[in-house]
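S.K.: Sharing structure_23.txt here; it has compact mmCIF, C-alpha atoms.
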```txt
# COMPACT_ATOMS: atom_id res chain seq x y z
CA MET D 1 -2.00 -50.82 -3.40
CA LYS D 2 0.11 -52.33 -0.64
CA ALA D 3 -2.31 -50.99 1.96
CA ALA D 4 -5.23 -52.63 0.14
CA LYS D 5 -3.44 -55.98 0.16
CA MET D 6 -3.18 -55.75 3.95
CA LEU D 7 -6.62 -54.26 4.49
CA ILE D 8 -8.65 -56.88 2.61
CA PRO D 9 -7.38 -59.90 4.64
CA ALA D 10 -7.86 -57.91 7.84
CA LEU D 11 -11.47 -57.15 6.90
CA VAL D 12 -12.12 -60.79 5.96
CA ALA D 13 -10.64 -61.99 9.27
CA THR D 14 -12.69 -59.45 11.23
CA THR D 15 -15.87 -60.49 9.42
CA LEU D 16 -15.23 -64.17 10.14
CA VAL D 17 -14.55 -63.53 13.83
CA VAL D 18 -17.63 -61.37 14.29
CA GLY D 19 -19.77 -63.82 12.34
CA GLY D 20 -18.50 -66.73 14.41
CA CYS D 21 -19.21 -64.95 17.68
CA ALA D 22 -22.69 -63.88 16.61
CA ARG D 23 -23.91 -67.29 15.44
CA HIS D 24 -25.95 -69.77 17.46
CA HIS D 25 -23.68 -71.95 19.58
CA GLY D 26 -25.79 -75.11 19.74
CA TYR D 27 -27.37 -74.95 23.18
CA GLY D 28 -30.73 -76.10 21.88
CA SER D 29 -33.54 -73.63 21.69
CA ALA D 30 -32.85 -70.57 23.77
CA SER D 31 -35.91 -70.92 25.98
CA SER D 32 -35.41 -74.60 26.75
CA TYR D 33 -31.76 -74.01 27.65
CA ARG D 34 -32.70 -71.17 30.02
CA GLU D 35 -35.43 -73.25 31.59
CA ALA D 36 -33.07 -76.18 32.17
CA ALA D 37 -30.45 -73.84 33.63
CA LEU D 38 -33.08 -72.32 35.93
CA GLU D 39 -34.18 -75.75 37.12
CA ARG D 40 -30.58 -76.80 37.80
CA GLY D 41 -29.92 -73.54 39.63
CA LEU D 42 -33.00 -73.92 41.80
CA ALA D 43 -32.10 -77.51 42.64
CA GLU D 44 -28.54 -76.52 43.55
CA MET D 45 -29.81 -73.62 45.68
CA ASP D 46 -32.22 -75.91 47.54
CA GLU D 47 -29.39 -78.36 48.17
CA LEU D 48 -27.12 -75.60 49.49
CA VAL D 49 -29.86 -74.29 51.77
CA ASP D 50 -30.43 -77.78 53.14
CA LYS D 51 -26.71 -78.22 53.82
CA THR D 52 -25.92 -74.84 55.38
CA VAL D 53 -29.00 -73.35 57.04
CA ASN D 54 -29.89 -74.40 60.56
CA ASP D 55 -33.60 -73.72 60.06
CA PRO D 56 -34.51 -74.31 56.36
CA GLU D 57 -38.10 -73.09 56.92
CA LYS D 58 -36.80 -69.56 57.61
CA ALA D 59 -34.75 -69.61 54.40
CA LYS D 60 -37.67 -70.46 52.11
CA PRO D 61 -39.24 -67.61 50.12
CA ASN D 62 -42.63 -66.34 51.27
```
Please lay out the structure from this file as structure tokens.

M.R.:
Amino acid sequence: MKAAKMLIPALVATTLVVGGCARHHGYGSASSYREAALERGLAEMDELVDKTVNDPEKAKPN
């Protein structure tokens, strides 16, 4: 009986943690968040290329 009193709260805590980690975290719709992240990443990469590459035309993709 003592083991059951310790096991039940442990199972409840585990369920809450797993449920909290598995839920949606509020980043908007998944596709729009990825698209926005991709656009930001591309803009940052273009900025870095402009700052660091001597000949930006050679650094552009084909």

S.K.: Please report the interatomic distance between CA of Ala59 (chain D) and CA of Gly41 (chain D) in Å with one decimal.

M.R.: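 Interatomic distance, CA of Ala59 (chain D) to CA of Gly41 (chain D): 16.0 Å.
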
S.K.: Please measure the separation of CA of Glu57 (chain D) and CA of Glu44 (chain D), giving the value in Å to one decimal.

M.R.: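 CA of Glu44 (chain D) lies 16.8 Å from CA of Glu57 (chain D).
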
S.K.: What is the distance between CA of Ala3 (chain D) and CA of Val17 (chain D), in Å to one decimal?

M.R.: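 CA of Val17 (chain D) lies 21.2 Å from CA of Ala3 (chain D).
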